[in-house]
file model32.cif (mmCIF, C-alpha atoms)
data_data
loop_
_atom_site.label_atom_id
_atom_site.label_comp_id
_atom_site.auth_asym_id
_atom_site.auth_seq_id
_atom_site.Cartn_x
_atom_site.Cartn_y
_atom_site.Cartn_z
CA MET U 1 -17.11 0.36 8.11
CA ASP U 2 -18.68 -1.93 5.54
CA GLY U 3 -17.77 0.33 2.64
CA ALA U 4 -16.99 0.08 -1.05
CA HIS U 5 -13.27 0.08 -0.23
CA ASP U 6 -13.57 -3.42 1.26
CA MET U 7 -13.30 -5.17 -2.10
CA GLY U 8 -11.94 -8.65 -1.42
CA GLY U 9 -14.06 -11.19 -3.29
CA VAL U 10 -16.55 -8.69 -4.72
CA ALA U 11 -17.64 -9.74 -8.23
CA GLY U 12 -18.14 -7.76 -11.38
CA PHE U 13 -15.16 -5.39 -11.54
CA GLY U 14 -13.85 -6.98 -14.73
CA ALA U 15 -10.36 -7.29 -16.17
CA ILE U 16 -7.22 -5.96 -14.48
CA ASN U 17 -5.62 -4.39 -17.55
CA PRO U 18 -2.08 -3.57 -16.38
CA GLU U 19 -0.54 -0.66 -18.28
CA PRO U 20 2.83 -1.48 -19.89
CA ASN U 21 5.67 0.82 -18.86
CA GLU U 22 3.36 2.73 -16.58
CA PRO U 23 4.63 6.12 -15.34
CA VAL U 24 4.67 6.82 -11.59
CA PHE U 25 2.11 9.60 -12.08
CA HIS U 26 -0.28 10.15 -14.97
CA ALA U 27 -0.78 13.91 -14.63
CA GLU U 28 0.81 16.89 -12.94
CA TRP U 29 -2.15 17.21 -10.58
CA GLU U 30 -1.53 13.65 -9.35
CA ARG U 31 2.03 14.60 -8.43
CA ARG U 32 0.84 17.64 -6.50
CA ALA U 33 -2.08 15.82 -4.81
CA PHE U 34 0.27 13.07 -3.69
CA ALA U 35 2.87 15.50 -2.35
CA LEU U 36 0.31 17.77 -0.67
CA THR U 37 -1.15 14.76 1.13
CA LEU U 38 2.23 13.65 2.44
CA ALA U 39 3.30 17.19 3.35
CA MET U 40 0.08 18.08 5.21
CA ALA U 41 0.27 15.14 7.62
CA LYS U 42 2.80 17.01 9.78
CA PRO U 43 0.95 20.33 10.21
CA GLY U 44 -2.41 18.52 10.14
CA GLY U 45 -1.49 16.16 12.94
CA TRP U 46 -3.67 13.29 11.75
CA ASN U 47 -2.50 9.67 11.60
CA ILE U 48 -2.59 7.11 8.79
CA ASP U 49 -5.75 5.45 10.10
CA MET U 50 -7.58 8.79 10.14
CA SER U 51 -6.40 9.32 6.56
CA ARG U 52 -7.66 5.93 5.47
CA PHE U 53 -11.05 6.52 7.08
CA ALA U 54 -11.36 9.95 5.46
CA ARG U 55 -10.89 8.27 2.08
CA GLU U 56 -13.15 5.25 2.56
CA ASP U 57 -16.01 6.88 4.49
CA ARG U 58 -18.13 7.90 1.52
CA PRO U 59 -21.01 6.51 -0.52
CA PRO U 60 -20.01 3.56 -2.72
CA GLN U 61 -20.77 5.44 -5.94
CA ASP U 62 -18.52 8.26 -4.78
CA TYR U 63 -15.64 5.93 -3.80
CA LEU U 64 -15.91 3.87 -6.98
CA GLY U 65 -16.45 6.89 -9.21
CA ARG U 66 -13.18 8.59 -8.33
CA SER U 67 -9.68 7.78 -9.45
CA TYR U 68 -7.12 6.86 -6.81
CA TYR U 69 -5.60 10.30 -6.35
CA GLN U 70 -9.03 11.93 -6.56
CA ILE U 71 -9.89 9.89 -3.47
CA TRP U 72 -6.69 11.09 -1.82
CA LEU U 73 -7.68 14.65 -2.66
CA VAL U 74 -11.17 14.48 -1.16
CA GLY U 75 -9.74 12.68 1.85
CA LEU U 76 -7.20 15.44 2.37
CA GLU U 77 -9.85 18.14 1.97
CA ARG U 78 -12.04 16.45 4.55
CA LEU U 79 -9.23 16.11 7.11
CA MET U 80 -8.40 19.81 6.73
CA LEU U 81 -12.03 20.95 6.85
CA GLU U 82 -12.55 18.97 10.06
CA ARG U 83 -9.67 20.88 11.65
CA ASP U 84 -10.44 24.33 10.23
CA LEU U 85 -7.17 24.23 8.28
CA LEU U 86 -9.36 24.74 5.22
CA ARG U 87 -12.63 26.69 5.16
CA PRO U 88 -15.62 25.66 3.07
CA GLY U 89 -15.52 27.45 -0.28
CA GLU U 90 -11.87 28.46 -0.18
CA ILE U 91 -10.84 26.04 -2.93
CA GLU U 92 -13.69 27.15 -5.18
CA ALA U 93 -12.86 30.81 -4.54
CA GLY U 94 -9.13 30.18 -4.89
CA ARG U 95 -8.36 32.43 -1.95
CA ILE U 96 -8.17 32.49 1.83
CA PHE U 97 -11.28 33.68 3.68
CA GLN U 98 -9.88 34.07 7.19
CA PRO U 99 -6.44 34.28 8.75
CA PRO U 100 -5.05 30.74 8.79
CA ALA U 101 -5.49 28.61 11.88
CA PRO U 102 -2.14 28.18 13.61
CA ILE U 103 -0.11 25.02 13.08
CA SER U 104 2.69 23.64 15.20
CA ALA U 105 5.03 22.60 12.41
CA ARG U 106 5.34 22.24 8.68
CA LEU U 107 7.43 19.93 6.54
CA MET U 108 10.42 21.76 5.07
CA ALA U 109 12.22 20.57 1.95
CA SER U 110 15.36 19.96 4.00
CA GLU U 111 13.46 17.55 6.27
CA VAL U 112 11.81 15.40 3.61
CA ALA U 113 14.53 12.75 3.31
CA THR U 114 14.86 12.17 7.05
CA THR U 115 11.09 12.20 7.55
CA LEU U 116 10.55 9.58 4.85
CA ARG U 117 13.40 7.51 6.17
CA ARG U 118 12.01 7.57 9.71
CA GLY U 119 8.56 6.53 8.48
CA GLY U 120 5.94 5.66 11.04
CA PRO U 121 6.66 2.36 12.77
CA THR U 122 3.53 0.96 14.44
CA GLU U 123 5.04 -1.72 16.67
CA ARG U 124 4.73 -0.97 20.39
CA GLU U 125 5.86 -2.61 23.60
CA ALA U 126 3.54 -5.36 24.76
CA ILE U 127 1.62 -4.76 27.95
CA ALA U 128 0.13 -8.25 28.13
CA PRO U 129 1.10 -11.67 26.82
CA ALA U 130 -0.27 -12.76 23.45
CA ARG U 131 -3.49 -14.74 23.78
CA PHE U 132 -2.88 -16.94 20.77
CA LYS U 133 0.12 -18.96 19.65
CA VAL U 134 1.32 -20.18 16.30
CA GLY U 135 -0.84 -23.09 15.14
CA ASP U 136 -3.96 -22.02 17.06
CA ARG U 137 -7.24 -22.18 15.19
CA VAL U 138 -9.05 -18.87 15.43
CA ARG U 139 -12.26 -17.43 14.04
CA ALA U 140 -12.39 -13.92 12.67
CA LYS U 141 -15.26 -12.23 14.46
CA ASP U 142 -18.34 -11.25 12.53
CA ILE U 143 -18.08 -7.57 13.39
CA HIS U 144 -19.52 -4.60 11.47
CA PRO U 145 -18.27 -1.42 13.14
CA PRO U 146 -19.53 1.81 11.53
CA THR U 147 -16.06 3.26 12.05
CA HIS U 148 -12.68 2.28 10.62
CA THR U 149 -11.57 -1.34 10.82
CA ARG U 150 -8.98 -3.44 9.03
CA LEU U 151 -10.72 -6.78 9.24
CA PRO U 152 -11.95 -7.41 5.68
CA ARG U 153 -15.50 -8.66 5.26
CA TYR U 154 -14.50 -11.79 3.37
CA ALA U 155 -12.63 -13.12 6.42
CA ARG U 156 -15.33 -12.45 9.00
CA GLY U 157 -16.88 -15.52 10.52
CA HIS U 158 -14.27 -17.82 9.02
CA VAL U 159 -11.76 -20.06 10.76
CA GLY U 160 -8.05 -19.83 10.07
CA VAL U 161 -4.76 -20.76 11.66
CA VAL U 162 -2.32 -18.42 13.40
CA GLU U 163 0.82 -18.60 11.36
CA ARG U 164 2.93 -15.82 12.75
CA ILE U 165 2.87 -13.41 15.69
CA CYS U 166 3.86 -9.99 14.37
CA GLY U 167 4.27 -8.12 17.64
CA CYS U 168 2.07 -5.56 19.31
CA HIS U 169 0.86 -2.87 16.90
CA VAL U 170 -1.19 0.32 17.00
CA PHE U 171 -4.86 -0.65 16.72
CA PRO U 172 -6.39 1.14 13.72
CA ASP U 173 -9.98 0.90 14.97
CA SER U 174 -9.01 3.06 17.93
CA ASN U 175 -6.34 5.19 16.28
CA ALA U 176 -8.70 6.25 13.48
CA THR U 177 -11.18 7.83 15.87
CA GLY U 178 -8.61 9.71 17.90
CA SER U 179 -9.14 7.38 20.87
CA GLY U 180 -5.46 6.53 21.18
CA GLU U 181 -3.10 3.90 19.84
CA ASP U 182 -4.39 1.10 22.11
CA PRO U 183 -1.78 -1.40 20.82
CA HIS U 184 -2.80 -5.04 20.47
CA TRP U 185 -1.10 -8.23 19.37
CA LEU U 186 -1.12 -8.68 15.62
CA TYR U 187 -1.26 -12.12 13.99
CA THR U 188 -0.91 -13.42 10.47
CA VAL U 189 -3.90 -15.73 10.12
CA ALA U 190 -4.06 -18.07 7.13
CA PHE U 191 -7.37 -19.29 5.72
CA ASN U 192 -7.93 -22.05 3.23
CA GLY U 193 -9.52 -20.73 0.04
CA LYS U 194 -12.30 -23.28 0.33
CA GLU U 195 -13.11 -21.98 3.81
CA LEU U 196 -13.46 -18.44 2.47
CA TRP U 197 -15.10 -19.25 -0.87
CA SER U 198 -16.95 -22.53 -0.90
CA ASP U 199 -17.18 -22.31 -4.68
CA ALA U 200 -13.56 -21.32 -5.15
CA PRO U 201 -12.12 -22.63 -8.40
CA ASP U 202 -8.89 -23.65 -6.72
CA ALA U 203 -8.39 -25.71 -3.57
CA SER U 204 -4.66 -24.96 -3.52
CA VAL U 205 -5.18 -21.34 -2.44
CA GLN U 206 -4.40 -20.00 1.01
CA VAL U 207 -5.18 -16.41 1.92
CA SER U 208 -3.82 -14.64 4.96
CA VAL U 209 -4.82 -11.45 6.68
CA ASP U 210 -2.97 -9.65 9.43
CA ALA U 211 -5.47 -9.46 12.27
CA TRP U 212 -5.29 -7.75 15.64
CA GLU U 213 -6.26 -9.80 18.69
CA PRO U 214 -9.65 -8.06 19.18
CA TYR U 215 -10.66 -9.30 15.71
CA LEU U 216 -10.19 -12.94 16.71
CA GLU U 217 -11.83 -15.50 18.94
CA ALA U 218 -10.57 -18.91 19.99
CA VAL U 219 -11.96 -22.00 18.26
CA ASP U 220 -12.33 -24.90 20.65
CA ALA U 221 -10.39 -28.02 19.75
CA ASP U 222 -12.61 -30.62 18.13
CA MET I 1 10.14 20.26 -11.28
CA THR I 2 9.62 23.86 -10.25
CA GLY I 3 5.93 23.69 -9.51
CA HIS I 4 2.76 23.72 -11.50
CA HIS I 5 2.54 27.35 -12.53
CA ASP I 6 3.85 26.84 -16.01
CA ASP I 7 2.89 23.28 -16.66
CA HIS I 8 0.57 24.17 -19.53
CA HIS I 9 3.74 24.94 -21.44
CA HIS I 10 4.62 21.28 -21.17
CA HIS I 11 1.70 20.39 -23.41
CA SER I 12 2.51 20.47 -27.06
CA HIS I 13 -1.15 20.65 -28.04
CA ASP I 14 -3.79 23.24 -27.42
CA HIS I 15 -4.52 22.99 -23.72
CA ASP I 16 -4.98 26.20 -21.84
CA HIS I 17 -6.50 27.03 -18.51
CA SER I 18 -10.02 26.79 -19.83
CA ASP I 19 -9.38 23.15 -20.77
CA LEU I 20 -8.09 22.12 -17.39
CA SER I 21 -10.22 19.57 -15.65
CA GLU I 22 -12.07 20.40 -12.49
CA THR I 23 -9.64 18.21 -10.56
CA GLU I 24 -6.57 19.94 -11.98
CA LEU I 25 -8.00 23.33 -11.07
CA ARG I 26 -8.93 22.12 -7.62
CA VAL I 27 -5.44 20.82 -6.87
CA ARG I 28 -3.86 24.04 -8.13
CA ALA I 29 -6.17 26.13 -5.98
CA LEU I 30 -5.50 23.92 -2.97
CA GLU I 31 -1.74 24.19 -3.34
CA THR I 32 -1.98 27.97 -3.68
CA ILE I 33 -4.16 28.23 -0.58
CA LEU I 34 -2.02 25.93 1.55
CA THR I 35 1.15 27.72 0.48
CA GLU I 36 -0.37 31.12 1.27
CA LYS I 37 -1.50 29.85 4.65
CA GLY I 38 2.05 28.79 5.34
CA TYR I 39 1.10 25.12 5.78
CA VAL I 40 3.29 23.69 3.04
CA ASP I 41 6.75 24.46 1.72
CA PRO I 42 6.39 24.20 -2.09
CA ALA I 43 10.01 23.07 -2.31
CA ALA I 44 9.16 20.14 -0.03
CA LEU I 45 6.46 19.08 -2.49
CA ASP I 46 9.03 19.04 -5.28
CA VAL I 47 11.40 16.91 -3.19
CA LEU I 48 8.62 14.45 -2.34
CA ILE I 49 7.70 14.05 -6.00
CA GLU I 50 11.29 13.77 -7.14
CA THR I 51 11.97 11.11 -4.50
CA TYR I 52 9.25 8.79 -5.72
CA GLU I 53 9.72 9.52 -9.42
CA THR I 54 13.47 9.11 -9.56
CA LYS I 55 14.94 7.56 -6.39
CA VAL I 56 12.57 5.05 -4.83
CA GLY I 57 11.28 2.34 -7.14
CA PRO I 58 11.40 -1.35 -8.03
CA ARG I 59 15.08 -1.12 -8.90
CA ASN I 60 15.66 -1.07 -5.13
CA GLY I 61 13.76 -4.30 -4.65
CA ALA I 62 15.61 -5.88 -7.57
CA GLN I 63 18.91 -5.20 -5.79
CA VAL I 64 17.56 -6.92 -2.68
CA VAL I 65 16.46 -9.96 -4.66
CA ALA I 66 19.74 -10.17 -6.59
CA ARG I 67 21.68 -10.05 -3.31
CA ALA I 68 19.50 -12.81 -1.85
CA TRP I 69 20.09 -14.95 -4.96
CA SER I 70 23.85 -14.43 -4.67
CA ASP I 71 24.45 -14.62 -0.95
CA PRO I 72 22.81 -17.46 1.04
CA GLU I 73 23.56 -15.77 4.36
CA TYR I 74 21.91 -12.56 3.18
CA ARG I 75 18.92 -14.59 1.97
CA ALA I 76 18.60 -16.16 5.42
CA ARG I 77 18.72 -12.73 7.10
CA LEU I 78 16.19 -11.37 4.60
CA LEU I 79 13.69 -14.14 5.32
CA HIS I 80 14.27 -13.80 9.06
CA ASP I 81 13.89 -10.00 9.33
CA GLY I 82 13.01 -8.32 6.05
CA SER I 83 13.27 -4.68 7.14
CA ALA I 84 16.66 -5.19 8.80
CA ALA I 85 18.19 -6.99 5.82
CA ILE I 86 16.70 -4.51 3.35
CA GLY I 87 18.13 -1.74 5.52
CA GLU I 88 21.60 -3.21 4.97
CA LEU I 89 21.26 -2.08 1.35
CA GLY I 90 20.17 1.38 2.44
CA TYR I 91 16.45 1.07 1.79
CA ALA I 92 14.13 1.94 4.67
CA GLY I 93 11.34 4.16 5.87
CA ARG I 94 7.80 5.13 5.06
CA GLN I 95 5.55 2.20 4.15
CA GLY I 96 8.42 -0.20 4.70
CA GLU I 97 8.76 -0.05 8.47
CA HIS I 98 7.80 -3.71 8.91
CA ILE I 99 8.67 -5.69 5.79
CA VAL I 100 8.23 -9.45 5.61
CA VAL I 101 9.83 -11.25 2.67
CA VAL I 102 8.06 -14.35 1.39
CA GLU I 103 9.91 -16.83 -0.77
CA ASN I 104 8.58 -18.56 -3.85
CA THR I 105 9.43 -22.24 -4.13
CA PRO I 106 8.49 -24.97 -6.60
CA SER I 107 5.61 -25.87 -4.29
CA GLN I 108 4.40 -22.38 -3.28
CA HIS I 109 3.82 -19.17 -5.21
CA ASN I 110 3.16 -15.98 -3.25
CA MET I 111 1.00 -13.04 -4.31
CA VAL I 112 0.56 -9.75 -2.45
CA VAL I 113 -2.55 -7.56 -2.38
CA CYS I 114 -4.20 -4.90 -0.26
CA THR I 115 -7.94 -5.48 -0.57
CA LEU I 116 -8.79 -2.51 1.69
CA CYS I 117 -6.69 0.23 0.10
CA SER I 118 -3.26 0.22 -1.53
CA CYS I 119 -0.65 -0.93 1.01
CA TYR I 120 2.63 -1.64 -0.76
CA PRO I 121 6.32 -1.76 0.29
CA TRP I 122 7.38 1.70 -0.91
CA PRO I 123 11.10 1.62 -0.05
CA VAL I 124 11.69 -1.42 -2.27
CA LEU I 125 8.99 -1.07 -4.94
CA GLY I 126 8.14 2.65 -5.01
CA LEU I 127 4.54 3.75 -5.43
CA PRO I 128 2.08 1.08 -6.58
CA PRO I 129 0.89 0.90 -10.19
CA VAL I 130 -2.72 1.75 -10.97
CA TRP I 131 -3.77 -1.87 -11.45
CA TYR I 132 -2.56 -2.79 -7.94
CA LYS I 133 -4.85 -0.10 -6.48
CA SER I 134 -7.75 -0.95 -8.77
CA ALA I 135 -11.00 -2.72 -7.91
CA PRO I 136 -10.43 -5.64 -10.34
CA TYR I 137 -7.14 -6.67 -8.71
CA ARG I 138 -8.17 -5.97 -5.12
CA SER I 139 -11.38 -7.94 -5.51
CA ARG I 140 -10.03 -10.95 -7.38
CA ALA I 141 -6.57 -11.58 -5.96
CA VAL I 142 -7.97 -13.19 -2.81
CA ARG I 143 -10.57 -15.25 -4.65
CA ASP I 144 -8.98 -16.39 -7.91
CA PRO I 145 -5.24 -15.70 -7.79
CA ARG I 146 -4.50 -18.35 -10.40
CA GLY I 147 -6.87 -16.61 -12.78
CA VAL I 148 -5.27 -13.26 -11.94
CA LEU I 149 -1.85 -14.66 -12.75
CA ARG I 150 -3.20 -16.00 -16.04
CA GLU I 151 -4.43 -12.51 -16.86
CA PHE I 152 -0.86 -11.29 -16.41
CA GLY I 153 0.18 -13.90 -18.96
CA PHE I 154 1.48 -16.62 -16.65
CA GLU I 155 0.16 -20.14 -16.21
CA LEU I 156 1.23 -21.51 -12.86
CA ASP I 157 2.11 -25.18 -12.59
CA PRO I 158 -1.02 -26.99 -11.34
CA GLY I 159 1.06 -28.61 -8.60
CA THR I 160 2.12 -25.28 -7.14
CA ASN I 161 0.02 -23.95 -4.28
CA ILE I 162 -0.79 -20.26 -4.13
CA ARG I 163 -0.54 -18.13 -1.04
CA VAL I 164 -2.11 -14.68 -1.08
CA TRP I 165 -0.97 -12.11 1.48
CA ASP I 166 -3.59 -9.45 2.14
CA SER I 167 -1.77 -6.42 3.59
CA THR I 168 -4.44 -5.51 6.12
CA ALA I 169 -2.06 -4.11 8.76
CA GLU I 170 1.26 -2.24 8.63
CA ILE I 171 3.24 -5.33 7.65
CA ARG I 172 4.40 -4.96 4.05
CA TYR I 173 5.17 -7.99 1.91
CA LEU I 174 7.87 -8.48 -0.70
CA VAL I 175 7.99 -11.65 -2.79
CA LEU I 176 11.39 -13.26 -3.27
CA PRO I 177 11.03 -14.94 -6.68
CA MET I 178 12.94 -18.05 -7.72
CA ARG I 179 16.23 -17.48 -9.47
CA PRO I 180 15.95 -18.34 -13.17
CA ALA I 181 17.93 -21.31 -14.41
CA GLY I 182 20.94 -20.60 -16.58
CA THR I 183 22.22 -17.70 -14.45
CA GLU I 184 25.03 -19.52 -12.68
CA GLY I 185 27.98 -17.24 -12.07
CA TRP I 186 26.07 -14.06 -12.90
CA SER I 187 26.96 -10.88 -11.01
CA GLU I 188 24.36 -9.25 -8.77
CA GLU I 189 24.12 -6.42 -11.26
CA ARG I 190 23.19 -8.76 -14.10
CA LEU I 191 20.80 -10.70 -11.90
CA ALA I 192 19.01 -7.51 -10.87
CA ASP I 193 18.14 -6.88 -14.52
CA LEU I 194 16.06 -10.06 -14.45
CA VAL I 195 13.94 -8.97 -11.50
CA THR I 196 10.69 -7.33 -12.54
CA ARG I 197 8.40 -5.32 -10.30
CA ASP I 198 5.58 -7.80 -10.85
CA SER I 199 7.80 -10.73 -9.85
CA MET I 200 8.18 -9.05 -6.44
CA ILE I 201 4.39 -8.63 -6.09
CA GLY I 202 3.74 -12.18 -7.25
CA THR I 203 1.81 -11.27 -10.40
CA GLY I 204 4.77 -12.19 -12.56
CA PHE I 205 8.08 -14.00 -12.77
CA PRO I 206 11.65 -12.84 -13.35
CA LYS I 207 12.83 -12.48 -16.92
CA GLN I 208 14.68 -15.40 -18.45
CA PRO I 209 18.37 -14.97 -19.29
CA HIS I 210 17.72 -14.78 -23.05
CA GLU I 211 15.35 -11.83 -22.50
CA VAL I 212 18.15 -9.57 -21.27
CA ALA I 213 20.98 -10.93 -23.39
#

call {"tool": "encode", "arguments": {"input": "model32.cif", "output": "structure tokens"}}
result
Amino acid sequence: MDGAHDMGGVAGFGAINPEPNEPVFHAEWERRAFALTLAMAKPGGWNIDMSRFAREDRPPQDYLGRSYYQIWLVGLERLMLERDLLRPGEIEAGRIFQPPAPISARLMASEVATTLRRGGPTEREAIAPARFKVGDRVRAKDIHPPTHTRLPRYARGHVGVVERICGCHVFPDSNATGSGEDPHWLYTVAFNGKELWSDAPDASVQVSVDAWEPYLEAVDAD
Amino acid sequence: MTGHHDDHHHHSHDHDHSDLSETELRVRALETILTEKGYVDPAALDVLIETYETKVGPRNGAQVVARAWSDPEYRARLLHDGSAAIGELGYAGRQGEHIVVVENTPSQHNMVVCTLCSCYPWPVLGLPPVWYKSAPYRSRAVRDPRGVLREFGFELDPGTNIRVWDSTAEIRYLVLPMRPAGTEGWSEERLADLVTRDSMIGTGFPKQPHEVA
């Protein structure tokens, strides 16, 4: 979706202001919101693309008005509400309204280390040969799906060069909607800064995105 | 960390429950509800927090960089297959399943961003700092990386090209910075002290030898 989360190149956000000696978390609630989000993925059964969409699919003023872990929190609430793991009003009331919906598994303390270590690899076996090869010129399609996508707006419509073939990976646009992993070839595509930003201050800049094959179309040789 | 039930005791000033923010109250209520429903093991939450506060952080990445600076064969493996070489040092897993290491040279400086959210190589750098997840960095890194670097206090040589890696998929990027001059013969342990988090994101450079003397 063309949401506020898609920030590449947007003007007006001001200075970066890194915090010296920044702590990992800035408040106890951030620790708990972070851990609850990681722990609920197992009983909740959602995937990372569903999580990302739950966070980004909100009005711009809402997305921009929340801190990072506040966005995680509302994303988590939404994923649970959608699955009846949380009932409307339970948080405000601070108590359970109905017997909990059954879950298939929960994350136990003894499993945390192995679960983190396993992670969630997204590379899958290829079912078709890659359409593009290293060195090919490709155009990022000018697409605007209302659902989750990982093709940033600033790259759309622009021509870049395939620099690396990263293997076949789970396709977020499909995975986010529950339509299956639908793996596609993933490419690192490099764009010249001048191609992306005609008024760029610096011609020595190259920017790459990692783009799945359905995001790309061939550019005919001149 | 034993949970949140007594965390108002951690404040030395006059906070009590009535002063807690709406968000703090909401998270407390949510944890209580999810625990009562049997969906989360509170001890698992403590382990998750402890892991990322005390075990997984940029010190891991610094070890990787110091090894690459010391061992040319390791450096070659690292640039060929980042996750595998990083795994040799025992670092692996969530948000580091597919790590690609990009090497700074006199002619190319690399900078990593995630313009769409906050993708970051957790096993080697830990959780990202606030600025990395913030709108100013995410918006500007792909458009004016030289200006971004200047804001971090570094002026890049005009002859050095900049490459920005936008982490739009599940590939995670780690920058291999250039080894500072004057460190010949240093042990990996000493070298690792030069490697800053920001130098592995590309918004900074390693410390100079005199800075850690």

call {"tool": "closest_atom_pairs", "arguments": {"input": "model32.cif", "of": "stretch 31-89 of chain I", "to": "stretch 169-176 of chain I", "cutoff": "10 Å", "atoms": "all atoms listed in the file", "output": "tab-separated table"}}
result
residue	atom	partner	partner_atom	distance
I:Gly61	CA	I:Leu174	CA	8.2
I:Ala62	CA	I:Leu176	CA	9.5
I:Val64	CA	I:Leu176	CA	8.9
I:Val65	CA	I:Leu176	CA	6.2
I:Ala66	CA	I:Leu176	CA	9.5
I:Ala68	CA	I:Leu176	CA	8.2
I:Trp69	CA	I:Leu176	CA	9.0
I:Arg75	CA	I:Leu176	CA	9.3
I:Leu78	CA	I:Leu176	CA	9.4
I:Leu79	CA	I:Leu176	CA	8.9
I:Gly82	CA	I:Leu174	CA	8.5
I:Ser83	CA	I:Arg172	CA	9.4

call {"tool": "residues_around", "arguments": {"input": "model32.cif", "residues": "stretch 192-194 of chain I", "least_positions_apart": "4", "cutoff": "7 Å", "atoms": "only C-alpha atoms", "output": "list in words"}}
result
Ala62, Gln63, Ala66, Glu188, Pro206, Lys207 and Gln208 of chain I

call {"tool": "write_last_selection", "arguments": {"input": "model32.cif", "atoms": "C-alpha atoms", "output": "mmCIF file, keeping the file's coordinate frame"}}
result
data_model
loop_
_atom_site.group_PDB
_atom_site.id
_atom_site.type_symbol
_atom_site.label_atom_id
_atom_site.label_comp_id
_atom_site.auth_asym_id
_atom_site.auth_seq_id
_atom_site.Cartn_x
_atom_site.Cartn_y
_atom_site.Cartn_z
ATOM 1 C CA ALA I 62 15.610 -5.880 -7.570
ATOM 2 C CA GLN I 63 18.910 -5.200 -5.790
ATOM 3 C CA ALA I 66 19.740 -10.170 -6.590
ATOM 4 C CA GLU I 188 24.360 -9.250 -8.770
ATOM 5 C CA PRO I 206 11.650 -12.840 -13.350
ATOM 6 C CA LYS I 207 12.830 -12.480 -16.920
ATOM 7 C CA GLN I 208 14.680 -15.400 -18.450
#

call {"tool": "closest_residue", "arguments": {"input": "model32.cif", "among": "U:Leu64, U:Val112, U:Met50, U:Ile96", "to": "I:Asp46", "atoms": "all atoms listed in the file"}}
result
U:Val112

call {"tool": "resolve_selection", "arguments": {"input": "model32.cif", "expression": "the PyMOL selection byres ((chain I) within 6 of (chain U))", "output": "PyMOL selection string"}}
result
chain I and resi 24+29-30+37+39+41+43-45+48+92-94+97+115-116+131+136-140+143+161-166+168-169

call {"tool": "residues_around", "arguments": {"input": "model32.cif", "residues": "I:Arg197", "least_positions_apart": "2", "cutoff": "7 Å", "atoms": "all atoms listed in the file", "output": "list of chain:residue names"}}
result
I:Pro58, I:Leu125, I:Val195, I:Ser199, I:Met200, I:Ile201

call {"tool": "residues_around", "arguments": {"input": "model32.cif", "residues": "U:Phe53", "least_positions_apart": "6", "cutoff": "12 Å", "atoms": "only C-alpha atoms", "output": "PyMOL selection string"}}
result
(chain U and resi 1-6+46-47+63+71-72+74-76+78-79+146-150+172-178) or (chain I and resi 116-117)

call {"tool": "atom_distance", "arguments": {"input": "model32.cif", "atom1": "atom CA of I:Val212", "atom2": "atom CA of I:Glu73"}}
result
26.9 Å

call {"tool": "atom_distance", "arguments": {"input": "model32.cif", "atom1": "atom CA of I:Pro180", "atom2": "atom CA of I:Gly126"}}
result
23.8 Å

call {"tool": "atom_distance", "arguments": {"input": "model32.cif", "atom1": "atom CA of I:Arg150", "atom2": "atom CA of I:Asn110"}}
result
14.3 Å

call {"tool": "resolve_selection", "arguments": {"input": "model32.cif", "expression": "the PyMOL selection byres ((chain U and resi 124-134) around 6)", "output": "list in words"}}
result
Glu123, Gly135, Asp136, Val162, Glu163, Arg164, Cys168 and His169 of chain U

call {"tool": "write_last_selection", "arguments": {"input": "model32.cif", "atoms": "C-alpha atoms", "output": "short mmCIF file (atom, residue, chain, number, x, y, z; two decimals), in the frame of the given file"}}
result
data_model
loop_
_atom_site.label_atom_id
_atom_site.label_comp_id
_atom_site.auth_asym_id
_atom_site.auth_seq_id
_atom_site.Cartn_x
_atom_site.Cartn_y
_atom_site.Cartn_z
CA GLU U 123 5.04 -1.72 16.67
CA GLY U 135 -0.84 -23.09 15.14
CA ASP U 136 -3.96 -22.02 17.06
CA VAL U 162 -2.32 -18.42 13.40
CA GLU U 163 0.82 -18.60 11.36
CA ARG U 164 2.93 -15.82 12.75
CA CYS U 168 2.07 -5.56 19.31
CA HIS U 169 0.86 -2.87 16.90
#

call {"tool": "resolve_selection", "arguments": {"input": "model32.cif", "expression": "the PyMOL selection byres ((chain I and resi 160) around 7)", "output": "JSON, numbers by chain"}}
result
{"I": [106, 107, 108, 109, 156, 157, 158, 159, 161, 162]}

call {"tool": "build_atoms", "arguments": {"input": "model32.cif", "residues": "stretch 43-48 of chain I", "atoms": "N, CA and C atoms", "output": "mmCIF file, keeping the file's coordinate frame"}}
result
data_model
loop_
_atom_site.group_PDB
_atom_site.id
_atom_site.type_symbol
_atom_site.label_atom_id
_atom_site.label_comp_id
_atom_site.auth_asym_id
_atom_site.auth_seq_id
_atom_site.Cartn_x
_atom_site.Cartn_y
_atom_site.Cartn_z
ATOM 1 N N ALA I 43 8.784 23.804 -1.976
ATOM 2 C CA ALA I 43 10.010 23.070 -2.310
ATOM 3 C C ALA I 43 9.968 21.654 -1.747
ATOM 4 N N ALA I 44 9.292 21.483 -0.611
ATOM 5 C CA ALA I 44 9.160 20.140 -0.030
ATOM 6 C C ALA I 44 8.309 19.259 -0.937
ATOM 7 N N LEU I 45 7.289 19.854 -1.554
ATOM 8 C CA LEU I 45 6.460 19.080 -2.490
ATOM 9 C C LEU I 45 7.311 18.573 -3.643
ATOM 10 N N ASP I 46 8.161 19.444 -4.157
ATOM 11 C CA ASP I 46 9.030 19.040 -5.280
ATOM 12 C C ASP I 46 9.959 17.902 -4.864
ATOM 13 N N VAL I 47 10.490 17.971 -3.641
ATOM 14 C CA VAL I 47 11.400 16.910 -3.190
ATOM 15 C C VAL I 47 10.639 15.589 -3.030
ATOM 16 N N LEU I 48 9.420 15.665 -2.495
ATOM 17 C CA LEU I 48 8.620 14.450 -2.340
ATOM 18 C C LEU I 48 8.365 13.792 -3.693
#
